[in-house]
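*Asks:* Next up, entry.csv (CSV, C-alpha atoms).
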chain,number,residue,atom,x,y,z
X,1496,ALA,CA,-3.0,31.3,22.8
X,1497,GLN,CA,0.3,29.7,22.2
X,1498,SER,CA,3.3,30.7,20.1
X,1499,VAL,CA,6.8,29.6,19.4
X,1500,THR,CA,9.7,31.8,18.3
X,1501,GLN,CA,12.8,30.3,16.7
X,1502,LEU,CA,15.7,32.7,16.7
X,1503,GLY,CA,17.8,32.4,13.6
X,1504,SER,CA,16.3,31.2,10.4
X,1505,HIS,CA,19.7,29.8,9.3
X,1506,VAL,CA,22.4,28.4,11.5
X,1507,SER,CA,25.7,27.2,10.0
X,1508,VAL,CA,28.2,25.0,12.0
X,1509,SER,CA,31.3,23.1,11.2
X,1510,GLU,CA,31.2,19.3,11.3
X,1511,GLY,CA,32.1,18.2,14.8
X,1512,ALA,CA,31.0,21.5,16.3
X,1513,LEU,CA,28.2,22.1,18.9
X,1514,VAL,CA,24.8,22.6,17.5
X,1515,LEU,CA,22.5,25.0,19.3
X,1516,LEU,CA,19.0,25.8,17.9
X,1517,ARG,CA,17.0,28.2,19.9
X,1518,CYS,CA,13.3,28.0,20.7
X,1519,ASN,CA,11.2,30.2,23.0
X,1520,TYR,CA,7.6,29.6,23.7
X,1521,SER,CA,4.6,31.4,25.0
X,1522,SER,CA,1.7,29.4,26.6
X,1523,SER,CA,-1.0,30.2,29.1
X,1524,VAL,CA,-1.0,26.6,30.3
X,1525,PRO,CA,1.8,24.2,31.0
X,1526,PRO,CA,3.1,23.3,27.5
X,1527,TYR,CA,4.0,20.2,25.7
X,1528,LEU,CA,7.0,21.0,23.5
X,1529,PHE,CA,8.4,19.2,20.5
X,1530,TRP,CA,11.3,19.4,18.1
X,1531,TYR,CA,10.8,18.0,14.6
X,1532,VAL,CA,13.3,17.7,11.7
X,1533,GLN,CA,12.4,17.9,8.1
X,1534,TYR,CA,14.6,16.7,5.3
X,1535,PRO,CA,14.0,18.1,1.7
X,1536,ASN,CA,10.7,17.0,0.2
X,1537,GLN,CA,9.8,14.9,3.2
X,1538,GLY,CA,7.5,15.1,6.1
X,1539,LEU,CA,8.4,15.8,9.7
X,1540,GLN,CA,10.2,13.4,12.0
X,1541,LEU,CA,9.9,13.7,15.7
X,1542,LEU,CA,13.3,14.3,17.4
X,1543,LEU,CA,12.2,14.7,21.0
X,1544,LYS,CA,9.4,15.9,23.2
X,1545,TYR,CA,8.8,17.4,26.6
X,1546,THR,CA,5.7,16.4,28.4
X,1547,SER,CA,6.2,17.7,31.9
X,1548,ALA,CA,8.5,14.9,33.1
X,1549,ALA,CA,12.2,15.4,33.1
X,1550,THR,CA,13.3,18.8,32.0
X,1551,LEU,CA,16.3,17.5,30.1
X,1552,VAL,CA,15.0,15.4,27.2
X,1553,LYS,CA,17.1,13.2,25.1
X,1554,GLY,CA,16.0,12.4,21.5
X,1555,ILE,CA,17.2,10.6,18.5
X,1556,ASN,CA,20.4,11.1,16.6
X,1557,GLY,CA,22.2,12.5,19.6
X,1558,PHE,CA,20.0,15.5,20.1
X,1559,GLU,CA,18.7,16.8,23.4
X,1560,ALA,CA,16.8,19.7,24.7
X,1561,GLU,CA,16.3,21.3,28.0
X,1562,PHE,CA,13.0,22.8,29.2
X,1563,LYS,CA,13.6,26.0,31.2
X,1564,LYS,CA,10.4,27.4,32.6
X,1565,SER,CA,12.0,30.6,33.9
X,1566,GLU,CA,13.3,31.4,30.5
X,1567,THR,CA,10.4,30.0,28.6
X,1568,SER,CA,12.9,28.2,26.4
X,1569,PHE,CA,13.4,24.7,24.9
X,1570,HIS,CA,16.7,25.0,23.0
X,1571,LEU,CA,17.9,22.0,21.0
X,1572,THR,CA,21.5,20.9,21.2
X,1573,LYS,CA,23.9,18.3,19.9
X,1574,PRO,CA,27.5,18.1,21.0
X,1575,SER,CA,29.0,17.3,17.6
X,1576,ALA,CA,27.4,18.0,14.3
X,1577,HIS,CA,27.4,15.5,11.4
X,1578,MET,CA,26.9,16.3,7.8
X,1579,SER,CA,23.7,14.3,7.9
X,1580,ASP,CA,22.2,16.7,10.4
X,1581,ALA,CA,21.7,19.3,7.7
X,1582,ALA,CA,18.0,19.9,7.5
X,1583,GLU,CA,15.2,22.1,8.6
X,1584,TYR,CA,14.3,22.0,12.3
X,1585,PHE,CA,10.9,23.0,13.7
X,1586,CYS,CA,10.0,23.7,17.3
X,1587,ALA,CA,6.3,23.3,18.2
X,1588,VAL,CA,4.1,23.8,21.3
X,1589,SER,CA,0.9,22.1,22.2
X,1590,ASP,CA,-1.5,22.7,25.1
X,1591,THR,CA,-2.2,19.9,27.6
X,1592,GLY,CA,-5.9,19.9,27.3
X,1593,GLY,CA,-8.3,18.0,24.9
X,1594,THR,CA,-7.9,15.1,22.7
X,1595,ALA,CA,-7.2,17.1,19.6
X,1596,SER,CA,-4.5,19.4,20.9
X,1597,LYS,CA,-3.1,21.4,18.0
X,1598,LEU,CA,0.5,22.0,17.4
X,1599,THR,CA,1.7,25.5,16.8
X,1600,PHE,CA,5.0,25.6,14.9
X,1601,GLY,CA,7.8,28.0,14.8
X,1602,THR,CA,9.1,29.3,11.5
X,1603,GLY,CA,11.9,26.8,11.4
X,1604,THR,CA,15.7,26.9,11.5
X,1605,ARG,CA,17.7,25.6,8.6
X,1606,LEU,CA,20.9,24.0,9.8
X,1607,GLN,CA,23.9,23.9,7.5
X,1608,VAL,CA,26.9,21.7,8.4
X,1609,THR,CA,30.1,22.5,6.7
X,1610,LEU,CA,33.4,20.6,6.4
O,651,GLY,CA,5.9,2.0,15.2
O,652,ALA,CA,3.8,5.1,14.7
O,653,VAL,CA,4.1,5.2,10.9
O,654,VAL,CA,1.9,7.5,8.8
O,655,SER,CA,1.8,7.2,5.0
O,656,GLN,CA,0.4,9.5,2.4
O,657,HIS,CA,-0.6,8.8,-1.1
O,658,PRO,CA,0.2,10.0,-3.7
O,659,SER,CA,3.6,11.6,-2.9
O,660,TRP,CA,3.4,13.7,-6.1
O,661,VAL,CA,0.5,14.8,-8.2
O,662,ILE,CA,0.2,17.1,-11.2
O,663,CYS,CA,-3.2,18.1,-12.3
O,664,LYS,CA,-4.9,20.5,-14.6
O,665,SER,CA,-6.7,23.6,-13.3
O,666,GLY,CA,-10.3,22.9,-12.5
O,667,THR,CA,-9.9,19.2,-11.6
O,668,SER,CA,-10.1,17.7,-8.1
O,669,VAL,CA,-7.4,15.9,-6.3
O,670,LYS,CA,-7.7,13.4,-3.4
O,671,ILE,CA,-4.9,12.8,-1.0
O,672,GLU,CA,-4.9,9.9,1.4
O,673,CYS,CA,-3.4,9.8,4.9
O,674,ARG,CA,-3.1,6.5,6.7
O,675,SER,CA,-1.9,5.5,10.1
O,676,LEU,CA,-0.3,2.1,9.5
O,677,ASP,CA,0.3,0.7,12.9
O,678,PHE,CA,-1.9,2.6,15.3
O,679,GLN,CA,-5.4,4.0,15.4
O,680,ALA,CA,-5.9,7.7,15.1
O,681,THR,CA,-9.2,9.3,16.1
O,682,THR,CA,-7.7,12.6,15.2
O,683,MET,CA,-5.6,13.6,12.2
O,684,PHE,CA,-4.4,16.9,11.1
O,685,TRP,CA,-3.8,18.5,7.7
O,686,TYR,CA,-1.1,21.0,7.1
O,687,ARG,CA,0.0,23.1,4.2
O,688,GLN,CA,3.6,24.2,3.7
O,689,PHE,CA,4.8,26.8,1.2
O,690,PRO,CA,8.4,26.7,0.1
O,691,LYS,CA,10.9,27.5,2.8
O,692,GLN,CA,8.1,28.3,5.3
O,693,SER,CA,6.6,26.7,8.3
O,694,LEU,CA,3.6,24.4,8.5
O,695,MET,CA,0.1,26.0,8.5
O,696,LEU,CA,-2.6,24.0,10.1
O,697,MET,CA,-5.6,23.7,7.7
O,698,ALA,CA,-8.0,21.5,9.6
O,699,THR,CA,-8.4,18.9,12.3
O,700,SER,CA,-10.0,15.7,11.1
O,701,ASN,CA,-12.0,13.7,13.6
O,702,GLU,CA,-13.1,10.2,12.9
O,703,GLY,CA,-16.8,9.9,12.4
O,704,SER,CA,-17.5,13.6,12.6
O,705,LYS,CA,-17.0,16.8,10.6
O,706,ALA,CA,-13.6,18.3,10.3
O,707,THR,CA,-12.7,21.5,12.2
O,708,TYR,CA,-11.2,24.1,9.8
O,709,GLU,CA,-8.8,26.9,10.8
O,710,GLN,CA,-9.8,30.4,10.1
O,711,GLY,CA,-9.4,31.4,6.5
O,712,VAL,CA,-9.5,27.8,5.2
O,713,GLU,CA,-12.3,27.2,2.8
O,714,LYS,CA,-14.1,24.0,3.8
O,715,ASP,CA,-15.8,23.7,0.5
O,716,LYS,CA,-12.5,23.9,-1.2
O,717,PHE,CA,-10.7,21.5,1.0
O,718,LEU,CA,-13.0,18.6,1.7
O,719,ILE,CA,-11.9,16.3,4.5
O,720,ASN,CA,-13.3,12.9,5.3
O,721,HIS,CA,-12.1,10.7,8.2
O,722,ALA,CA,-14.1,7.6,7.6
O,723,SER,CA,-12.1,5.2,9.8
O,724,LEU,CA,-9.6,5.2,12.6
O,725,THR,CA,-6.7,4.8,10.1
O,726,LEU,CA,-7.7,6.8,7.1
O,727,SER,CA,-8.3,10.5,6.4
O,728,THR,CA,-8.6,12.0,3.0
O,729,LEU,CA,-8.2,15.6,1.8
O,730,THR,CA,-9.8,16.5,-1.5
O,731,VAL,CA,-8.8,19.7,-3.2
O,732,THR,CA,-11.8,20.6,-5.3
O,733,SER,CA,-11.6,22.6,-8.5
O,734,ALA,CA,-7.8,23.0,-8.0
O,735,HIS,CA,-6.1,26.2,-9.2
O,736,PRO,CA,-2.4,27.1,-9.5
O,737,GLU,CA,-2.5,28.9,-6.2
O,738,ASP,CA,-3.4,25.6,-4.5
O,739,SER,CA,0.0,24.2,-5.5
O,740,SER,CA,1.8,23.4,-2.3
O,741,PHE,CA,3.2,20.7,-0.1
O,742,TYR,CA,0.4,19.0,1.9
O,743,ILE,CA,1.3,17.1,5.0
O,744,CYS,CA,-0.9,15.1,7.3
O,745,SER,CA,-0.3,14.0,10.8
O,746,ALA,CA,-2.0,11.5,13.1
O,747,ARG,CA,-2.2,11.6,16.9
O,748,ASP,CA,-1.3,8.3,18.5
O,749,TRP,CA,-4.4,7.9,20.6
O,750,GLY,CA,-3.4,4.5,21.9
O,751,HIS,CA,-0.6,5.7,24.0
O,752,GLY,CA,-2.4,8.7,25.3
O,753,THR,CA,0.3,11.1,24.4
O,754,LYS,CA,0.2,14.4,22.7
O,755,THR,CA,2.5,13.3,20.0
O,756,GLN,CA,1.7,13.8,16.3
O,757,TYR,CA,3.3,11.6,13.8
O,758,PHE,CA,3.7,13.0,10.3
O,759,GLY,CA,3.3,11.6,6.9
O,760,PRO,CA,5.9,12.1,4.2
O,761,GLY,CA,3.9,14.8,2.5
O,762,THR,CA,2.2,15.2,-0.9
O,763,ARG,CA,3.4,17.8,-3.4
O,764,LEU,CA,0.6,19.1,-5.5
O,765,LEU,CA,1.3,21.0,-8.7
O,766,VAL,CA,-1.7,22.5,-10.5
O,767,LEU,CA,-1.1,23.6,-14.1
Please lay out the structure from this file as structure tokens.

*Replies:*
Amino acid sequence: AQSVTQLGSHVSVSEGALVLLRCNYSSSVPPYLFWYVQYPNQGLQLLLKYTSAATLVKGINGFEAEFKKSETSFHLTKPSAHMSDAAEYFCAVSDTGGTASKLTFGTGTRLQVTL
Amino acid sequence: GAVVSQHPSWVICKSGTSVKIECRSLDFQATTMFWYRQFPKQSLMLMATSNEGSKATYEQGVEKDKFLINHASLTLSTLTVTSAHPEDSSFYICSARDWGHGTKTQYFGPGTRLLVL
């Protein structure tokens, strides 16, 4: 069984400040990990993914995440927040087996960016 | 690349009617598509896995006779909400797995908001 825990349902940062969104996972097999962003009334857009290659993964819009096996974490960061980053962010985990691997989502973190 | 579309984006219907939602992978083939439901300010709940040419696999607690899924081709899956009731009002999102690149990445459609009156 897999699960994802996102600490903090709401995160507020000032424009230009560091963004840190936390994600911890639980998986009985080596996981594939994903971060998705969702803007209001839209579907999910893939930000980045970890698929057992480099542990530091760079994504779109300046985001990156680091896979830390010892901490079972995959936190999302961005050095400098923009107003356009305000959205809902979901961390998700998938197992590595089978052609129909399911995604298990965290509960999401709403990022607010203030002036 | 890896674009997934959904149609319609919005639908309002009367209680008791059926509603069909289409999910298409526009630039890749998808042997597997997924249907999710999302309640306001909540995460996505997987409803079912749609497999091309075979029956869908439903998650526990999801009524298969209520939510009919058909995956007739490698680029199209449909979700039909039968005899819709107000409690079926929700945001429905599909995703398609990019089989061609052999990755585990799911690409999501823009979602369909259903309101049942």

*Asks:* Counting all atoms listed in the file, write as a ChimeraX atom specification all protein and nucleic acid residues lying at most 10 Å from (16.8, 17.2, 11.6) in the file's frame.

*Replies:* /X:1530-1534,1539-1542,1555-1556,1558,1579-1585,1604-1606

*Asks:* Excluding same-chain residues fewer than 2 positions from O:Ser740, what lies within 12 Å of it counting all atoms listed in the file, as a compact mmCIF listing (two decimals) with C-alpha atoms, in the frame of the given file?

*Replies:*
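selection26.txt was written with the following content:
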# COMPACT_ATOMS: atom_id res chain seq x y z
CA ASN X 1536 10.70 17.00 0.20
CA SER O 659 3.60 11.60 -2.90
CA TRP O 660 3.40 13.70 -6.10
CA VAL O 661 0.50 14.80 -8.20
CA ILE O 662 0.20 17.10 -11.20
CA TYR O 686 -1.10 21.00 7.10
CA ARG O 687 0.00 23.10 4.20
CA GLN O 688 3.60 24.20 3.70
CA PHE O 689 4.80 26.80 1.20
CA PRO O 690 8.40 26.70 0.10
CA LYS O 691 10.90 27.50 2.80
CA GLN O 692 8.10 28.30 5.30
CA LEU O 694 3.60 24.40 8.50
CA MET O 695 0.10 26.00 8.50
CA VAL O 731 -8.80 19.70 -3.20
CA ALA O 734 -7.80 23.00 -8.00
CA HIS O 735 -6.10 26.20 -9.20
CA PRO O 736 -2.40 27.10 -9.50
CA GLU O 737 -2.50 28.90 -6.20
CA ASP O 738 -3.40 25.60 -4.50
CA TYR O 742 0.40 19.00 1.90
CA ILE O 743 1.30 17.10 5.00
CA GLY O 761 3.90 14.80 2.50
CA THR O 762 2.20 15.20 -0.90
CA ARG O 763 3.40 17.80 -3.40
CA LEU O 764 0.60 19.10 -5.50
CA LEU O 765 1.30 21.00 -8.70
CA VAL O 766 -1.70 22.50 -10.50

*Asks:* Quick one: residues within 12 Å of X:Glu1566, only C-alpha atoms, excluding same-chain residues fewer than 6 positions away - as a PDB file with C-alpha atoms, in the coordinates of the input?

*Replies:*
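That gives us around_14.pdb:
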ATOM      1  CA  ARG X1517      17.000  28.200  19.900  1.00  0.00           C
ATOM      2  CA  CYS X1518      13.300  28.000  20.700  1.00  0.00           C
ATOM      3  CA  ASN X1519      11.200  30.200  23.000  1.00  0.00           C
ATOM      4  CA  TYR X1520       7.600  29.600  23.700  1.00  0.00           C
ATOM      5  CA  SER X1521       4.600  31.400  25.000  1.00  0.00           C
TER       6      SER X1521
END

*Asks:* Go through chain O and flag each residue having an atom no more than 6 Å from chain X; for those, report the closest pair of atoms plus their distance in Å to one decimal, using all atoms listed in the file, ordered by chain and rising number, as a Markdown table.

*Replies:*
| residue | atom | partner | partner_atom | distance |
| --- | --- | --- | --- | --- |
| O:Ser693 | CA | X:Thr1602 | CA | 4.8 |
| O:Phe758 | CA | X:Leu1539 | CA | 5.5 |
| O:Gly759 | CA | X:Gly1538 | CA | 5.5 |
| O:Pro760 | CA | X:Gly1538 | CA | 3.9 |
| O:Gly761 | CA | X:Gly1538 | CA | 5.1 |

*Asks:* Between atom CA of O:Asp748 and atom CA of X:Ala1548, what is the distance, to one decimal in Å?

*Replies:*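 That distance, rounded to one decimal, is 18.8 Å.
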
*Asks:* Tell me, as a ChimeraX atom specification, which residues lie within 12 Å of stretch 701-717 of chain O, counting all atoms listed in the file; anything in the same chain fewer than 4 positions away does not count.

*Replies:* /X:1594-1597 /O:666-671,679-687,695-697,721-735,738,742,746-747,749

*Asks:* With C-alpha atoms retained, export the selected residues as an mmCIF file, in the frame of the given file.

*Replies:*
data_model
loop_
_atom_site.group_PDB
_atom_site.id
_atom_site.type_symbol
_atom_site.label_atom_id
_atom_site.label_comp_id
_atom_site.auth_asym_id
_atom_site.auth_seq_id
_atom_site.Cartn_x
_atom_site.Cartn_y
_atom_site.Cartn_z
ATOM 1 C CA THR X 1594 -7.900 15.100 22.700
ATOM 2 C CA ALA X 1595 -7.200 17.100 19.600
ATOM 3 C CA SER X 1596 -4.500 19.400 20.900
ATOM 4 C CA LYS X 1597 -3.100 21.400 18.000
ATOM 5 C CA GLY O 666 -10.300 22.900 -12.500
ATOM 6 C CA THR O 667 -9.900 19.200 -11.600
ATOM 7 C CA SER O 668 -10.100 17.700 -8.100
ATOM 8 C CA VAL O 669 -7.400 15.900 -6.300
ATOM 9 C CA LYS O 670 -7.700 13.400 -3.400
ATOM 10 C CA ILE O 671 -4.900 12.800 -1.000
ATOM 11 C CA GLN O 679 -5.400 4.000 15.400
ATOM 12 C CA ALA O 680 -5.900 7.700 15.100
ATOM 13 C CA THR O 681 -9.200 9.300 16.100
ATOM 14 C CA THR O 682 -7.700 12.600 15.200
ATOM 15 C CA MET O 683 -5.600 13.600 12.200
ATOM 16 C CA PHE O 684 -4.400 16.900 11.100
ATOM 17 C CA TRP O 685 -3.800 18.500 7.700
ATOM 18 C CA TYR O 686 -1.100 21.000 7.100
ATOM 19 C CA ARG O 687 0.000 23.100 4.200
ATOM 20 C CA MET O 695 0.100 26.000 8.500
ATOM 21 C CA LEU O 696 -2.600 24.000 10.100
ATOM 22 C CA MET O 697 -5.600 23.700 7.700
ATOM 23 C CA HIS O 721 -12.100 10.700 8.200
ATOM 24 C CA ALA O 722 -14.100 7.600 7.600
ATOM 25 C CA SER O 723 -12.100 5.200 9.800
ATOM 26 C CA LEU O 724 -9.600 5.200 12.600
ATOM 27 C CA THR O 725 -6.700 4.800 10.100
ATOM 28 C CA LEU O 726 -7.700 6.800 7.100
ATOM 29 C CA SER O 727 -8.300 10.500 6.400
ATOM 30 C CA THR O 728 -8.600 12.000 3.000
ATOM 31 C CA LEU O 729 -8.200 15.600 1.800
ATOM 32 C CA THR O 730 -9.800 16.500 -1.500
ATOM 33 C CA VAL O 731 -8.800 19.700 -3.200
ATOM 34 C CA THR O 732 -11.800 20.600 -5.300
ATOM 35 C CA SER O 733 -11.600 22.600 -8.500
ATOM 36 C CA ALA O 734 -7.800 23.000 -8.000
ATOM 37 C CA HIS O 735 -6.100 26.200 -9.200
ATOM 38 C CA ASP O 738 -3.400 25.600 -4.500
ATOM 39 C CA TYR O 742 0.400 19.000 1.900
ATOM 40 C CA ALA O 746 -2.000 11.500 13.100
ATOM 41 C CA ARG O 747 -2.200 11.600 16.900
ATOM 42 C CA TRP O 749 -4.400 7.900 20.600
#

*Asks:* I'd like the interatomic distance between atom CA of X:Val1608 and atom CA of X:Lys1573, to a tenth of an Å.

*Replies:* 12.4 Å

*Asks:* Between X:Thr1609, X:Ser1522, X:Thr1500, X:Thr1567, single out the one closest to X:Cys1586, counting only C-alpha atoms.

*Replies:*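 Result for the nearest residue to X:Cys1586: X:Thr1500.
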
*Asks:* Do you have the atom CA of X:His1570-atom CA of O:Ala652 distance handy?

*Replies:* 25.1 Å

*Asks:* Between X:Ser1523, X:Ser1509, X:Gln1497, X:Thr1550, which has the minimum distance to X:Phe1562 (counting all atoms listed in the file)?

*Replies:*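 Using all atoms listed in the file, X:Phe1562 sits closest to X:Thr1550.
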
*Asks:* Mind checking which residues fall within 8 Å of X:Ser1575, counting only C-alpha atoms, ignoring those fewer than 3 positions away in the same chain, and posting them as a VMD selection string?

*Replies:* chain X and resid 1510 to 1514

*Asks:* Nearest to X:Val1524: which of X:Val1588, X:Val1552, X:Leu1502, X:Met1578 is it, counting all atoms listed in the file?

*Replies:*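 Result for the nearest residue to X:Val1524: X:Val1588.
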